[in-house]
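Text of upload.cif, listed as mmCIF, C-alpha atoms:
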```cif
data_final
#
loop_
_atom_site.group_PDB
_atom_site.id
_atom_site.type_symbol
_atom_site.label_atom_id
_atom_site.label_comp_id
_atom_site.auth_asym_id
_atom_site.auth_seq_id
_atom_site.Cartn_x
_atom_site.Cartn_y
_atom_site.Cartn_z
ATOM 1 C CA MET A 900 132.546 88.925 11.653
ATOM 2 C CA ALA A 901 135.374 88.996 14.159
ATOM 3 C CA GLN A 902 136.073 91.420 16.947
ATOM 4 C CA TYR A 903 138.645 94.110 16.299
ATOM 5 C CA ALA A 904 141.934 92.819 17.727
ATOM 6 C CA SER A 905 144.502 95.182 19.210
ATOM 7 C CA THR A 906 146.737 95.480 22.245
ATOM 8 C CA LEU A 907 146.692 97.778 25.240
ATOM 9 C CA ASP A 908 150.369 97.779 26.161
ATOM 10 C CA VAL A 909 153.517 98.869 24.328
ATOM 11 C CA GLU A 910 154.932 95.337 24.232
ATOM 12 C CA GLY A 911 151.746 93.998 22.630
ATOM 13 C CA THR A 912 150.998 91.354 25.241
ATOM 14 C CA VAL A 913 147.760 92.736 26.749
ATOM 15 C CA LYS A 914 145.142 91.832 24.142
ATOM 16 C CA ILE A 915 141.929 93.802 23.714
ATOM 17 C CA ALA A 916 139.019 93.132 21.376
ATOM 18 C CA PRO A 917 136.144 95.611 21.220
ATOM 19 C CA ASP A 918 133.103 94.181 19.470
ATOM 20 C CA LEU A 919 132.675 96.924 16.866
ATOM 21 C CA VAL A 920 134.877 99.744 15.649
ATOM 22 C CA TRP A 921 134.470 102.313 12.920
ATOM 23 C CA LEU A 922 137.674 102.630 10.909
ATOM 24 C CA ASP A 923 138.294 105.742 8.835
ATOM 25 C CA ASP A 924 141.545 105.857 6.891
ATOM 26 C CA GLY A 925 142.894 103.076 9.121
ATOM 27 C CA GLN A 926 142.135 104.977 12.345
ATOM 28 C CA VAL A 927 139.567 103.890 14.935
ATOM 29 C CA ARG A 928 136.985 106.686 15.058
ATOM 30 C CA ALA A 929 134.269 104.987 17.127
ATOM 31 C CA CYS A 930 134.167 101.999 19.474
ATOM 32 C CA ILE A 931 131.131 99.956 20.558
ATOM 33 C CA ASP A 932 131.095 97.043 22.951
ATOM 34 C CA VAL A 933 128.031 94.838 23.236
ATOM 35 C CA LYS A 934 127.140 93.332 26.614
ATOM 36 C CA TYR A 935 124.969 90.243 26.588
ATOM 37 C CA LYS A 936 123.745 90.609 30.144
ATOM 38 C CA VAL A 937 120.852 92.444 31.662
ATOM 39 C CA GLU A 938 121.522 95.421 33.910
ATOM 40 C CA LYS A 939 120.639 94.896 37.567
ATOM 41 C CA HIS A 940 118.671 97.404 39.609
ATOM 42 C CA GLY A 941 119.185 100.157 37.060
ATOM 43 C CA GLN A 942 122.971 99.891 37.328
ATOM 44 C CA TYR A 943 125.477 98.966 34.663
ATOM 45 C CA PRO A 944 128.551 97.068 35.883
ATOM 46 C CA ASN A 945 131.577 99.269 36.618
ATOM 47 C CA ALA A 946 133.854 96.720 34.960
ATOM 48 C CA ASP A 947 132.194 97.517 31.628
ATOM 49 C CA LEU A 948 132.935 101.222 32.084
ATOM 50 C CA TYR A 949 136.553 100.409 32.946
ATOM 51 C CA GLN A 950 136.835 98.250 29.856
ATOM 52 C CA MET A 951 135.416 100.951 27.577
ATOM 53 C CA ALA A 952 137.651 103.577 29.200
ATOM 54 C CA ALA A 953 140.654 101.386 28.343
ATOM 55 C CA TYR A 954 139.497 101.022 24.738
ATOM 56 C CA CYS A 955 138.987 104.760 24.387
ATOM 57 C CA ARG A 956 142.370 105.545 25.907
ATOM 58 C CA ARG A 957 144.046 103.052 23.568
ATOM 59 C CA PHE A 958 142.395 104.468 20.441
ATOM 60 C CA GLY A 959 142.494 108.139 21.467
ATOM 61 C CA LEU A 960 138.704 108.491 21.554
ATOM 62 C CA LYS A 961 136.744 110.996 23.630
ATOM 63 C CA GLU A 962 133.592 108.857 23.583
ATOM 64 C CA GLY A 963 132.808 105.145 23.746
ATOM 65 C CA HIS A 964 129.560 103.210 23.499
ATOM 66 C CA LEU A 965 128.163 100.267 25.461
ATOM 67 C CA VAL A 966 125.070 98.426 24.243
ATOM 68 C CA PHE A 967 123.277 96.337 26.889
ATOM 69 C CA ALA A 968 120.408 93.882 26.882
ATOM 70 C CA GLY A 969 117.696 95.515 28.931
ATOM 71 C CA PRO A 970 114.323 97.222 28.921
ATOM 72 C CA GLY A 971 113.763 100.749 27.730
ATOM 73 C CA SER A 972 114.893 102.874 24.858
ATOM 74 C CA GLU A 973 116.588 105.772 26.627
ATOM 75 C CA TYR A 974 120.326 105.903 26.484
ATOM 76 C CA SER A 975 122.386 107.439 29.262
ATOM 77 C CA SER A 976 125.948 108.550 29.570
ATOM 78 C CA ALA A 977 128.648 108.712 32.192
ATOM 79 C CA GLU A 978 131.271 111.421 32.159
ATOM 80 C CA LEU A 979 134.535 109.957 33.347
ATOM 81 C CA MET A 980 137.793 111.683 34.199
ATOM 82 C CA HIS A 981 139.628 113.684 31.531
ATOM 83 C CA GLY A 982 136.413 114.396 29.606
ATOM 84 C CA LEU A 983 135.740 110.823 28.490
ATOM 85 C CA ILE A 984 132.056 110.075 27.846
ATOM 86 C CA VAL A 985 130.692 106.531 27.832
ATOM 87 C CA THR A 986 127.151 106.184 26.501
ATOM 88 C CA ARG A 987 124.978 103.255 27.506
ATOM 89 C CA SER A 988 122.176 102.141 25.213
ATOM 90 C CA PRO A 989 119.686 99.447 26.230
ATOM 91 C CA VAL A 990 118.162 97.052 23.725
ATOM 92 C CA ASP A 991 115.030 95.256 24.932
ATOM 93 C CA LEU A 992 115.482 91.723 23.629
ATOM 94 C CA ASN A 993 111.850 90.862 24.439
ATOM 95 C CA GLU A 994 110.433 93.581 22.231
ATOM 96 C CA ILE A 995 112.885 94.339 19.461
ATOM 97 C CA LEU A 996 113.560 91.607 16.973
ATOM 98 C CA ILE A 997 114.310 93.910 14.063
ATOM 99 C CA VAL A 998 115.544 97.425 14.717
ATOM 100 C CA PRO A 999 113.580 99.904 12.609
ATOM 101 C CA GLN A 1000 115.741 101.963 10.275
ATOM 102 C CA ALA A 1001 114.899 105.216 12.089
ATOM 103 C CA GLU A 1002 116.144 103.818 15.436
ATOM 104 C CA SER A 1003 119.214 102.354 13.797
ATOM 105 C CA THR A 1004 119.978 105.707 12.171
ATOM 106 C CA GLN A 1005 119.532 107.578 15.464
ATOM 107 C CA PHE A 1006 121.863 105.177 17.271
ATOM 108 C CA SER A 1007 124.427 105.417 14.476
ATOM 109 C CA ALA A 1008 124.261 109.201 14.589
ATOM 110 C CA ARG A 1009 124.986 109.194 18.334
ATOM 111 C CA VAL A 1010 127.921 106.828 17.830
ATOM 112 C CA VAL A 1011 129.431 108.595 14.867
ATOM 113 C CA GLY A 1012 129.163 112.070 16.328
ATOM 114 C CA GLU A 1013 128.928 115.384 14.557
ATOM 115 C CA GLN A 1014 132.507 115.346 13.283
ATOM 116 C CA LEU A 1015 132.067 112.196 11.207
ATOM 117 C CA ARG A 1016 128.479 112.964 10.206
ATOM 118 C CA GLU A 1017 129.710 116.189 8.611
ATOM 119 C CA LYS A 1018 132.169 114.213 6.529
ATOM 120 C CA PHE A 1019 129.400 112.087 5.030
ATOM 121 C CA ARG A 1020 126.546 114.642 4.920
ATOM 122 C CA PRO A 1021 125.047 114.855 1.425
ATOM 123 C CA THR A 1022 125.342 118.188 -0.320
ATOM 124 C CA SER A 1023 122.342 119.676 -2.057
#
```

Give the structure from the file, written as structure tokens.
Amino acid sequence: MAQYASTLDVEGTVKIAPDLVWLDDGQVRACIDVKYKVEKHGQYPNADLYQMAAYCRRFGLKEGHLVFAGPGSEYSSAELMHGLIVTRSPVDLNEILIVPQAESTQFSARVVGEQLREKFRPTS
């Protein structure tokens, strides 16, 4: 599986490649970038926030998602300028080899957001 290739500038010379995107009718509806480094001292690198902010701006998203290697299961979020939210979700590589379906579903629900969940909610 390849990263999603796009460009950041009008001329198409500044390449970007988020790790995962959710496409709906050809439009990017969610963006996830996976970071294969451990956070240091409880801090996530600012460069990763800048990168996600650029992705969100490019795709017109109000929320982006970073997944980091690191201990814990609590996700956090940063509210950036202009209402942009970047969520940060740790994955403990020492403890999780297979993500249980319930955790996977919870993470997916956070990423997808209420708007897209409504679209795919089963009717009874």

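When the distance limit is 9 Å and all atoms listed in the file are what count, the residues near Trp921 in chain A, minus those fewer than 6 positions from it on the same chain, are Val927, Arg928, Ala929, Cys930, Ile931 and Val1011 of chain A.
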
task = Can you pull out every residue within 8 Å of Arg987 in chain A, counting only C-alpha atoms, but drop anything in the same chain fewer than 5 positions away, and send it as a list of chain:residue names?
result = A:His964, A:Leu965, A:Val966, A:Phe967, A:Tyr974, A:Ser975, A:Ser976

request  = Take the PyMOL selection byres ((chain A and resi 980) around 12), apply it to the structure above, and return the hits as a PyMOL selection string.
outcome  = chain A and resi 948-949+952+956+961-962+977-979+981-985

Go ahead and save the residues from that selection, with C-alpha atoms, as a tab-separated table (two decimals), in the frame of the given file.
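What landed in result27.tsv:
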```
chain	number	residue	atom	x	y	z
A	948	LEU	CA	132.94	101.22	32.08
A	949	TYR	CA	136.55	100.41	32.95
A	952	ALA	CA	137.65	103.58	29.20
A	956	ARG	CA	142.37	105.54	25.91
A	961	LYS	CA	136.74	111.00	23.63
A	962	GLU	CA	133.59	108.86	23.58
A	977	ALA	CA	128.65	108.71	32.19
A	978	GLU	CA	131.27	111.42	32.16
A	979	LEU	CA	134.54	109.96	33.35
A	981	HIS	CA	139.63	113.68	31.53
A	982	GLY	CA	136.41	114.40	29.61
A	983	LEU	CA	135.74	110.82	28.49
A	984	ILE	CA	132.06	110.08	27.85
A	985	VAL	CA	130.69	106.53	27.83
```

task = Kindly extract all protein, DNA and RNA residues lying within 8 Å of the coordinates (145.2, 98.3, 24.6) given in the file, considering only C-alpha atoms, and supply them as a list of chain:residue names.
result =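 Here is the list of nearby residues: A:Ser905, A:Thr906, A:Leu907, A:Asp908, A:Val913, A:Lys914, A:Ile915, A:Ala953, A:Tyr954, A:Arg956, A:Arg957, A:Phe958.
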
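Between CA of Leu992 in chain A and CA of Lys934 in chain A the interatomic distance comes to 12.1 Å.
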
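The environment of Lys936 in chain A within 12 Å, counting all atoms listed in the file and disregarding residues fewer than 2 places along the same chain, consists of Val933, Lys934, Glu938, Lys939, Gln942, Tyr943, Pro944, Asp947, Leu965, Val966, Phe967, Ala968, Gly969, Pro970, Pro989, Val990, Asp991 and Leu992 of chain A.
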
task = Select, counting only C-alpha atoms, all protein, DNA and RNA residues no farther than 12 Å from (133.6, 89.9, 16.8) in file coordinates, and express the selection as a PyMOL selection string.
result = chain A and resi 900-904+915-920+931-933

Using all atoms of range 975-993 of chain A that appear in the file, construct an axis-aligned enclosing box with 4 Å of padding on every side and provide its centre coordinates and edge lengths in Å, rounded to one decimal, as lines of an AutoDock Vina configuration file.
```
center_x = 125.7
center_y = 102.6
center_z = 28.9
size_x = 35.8
size_y = 31.5
size_z = 18.6
```

query = What is the distance between CA of Leu960 in chain A and CA of Asn945 in chain A, in Å to one decimal?
reply = 19.0 Å
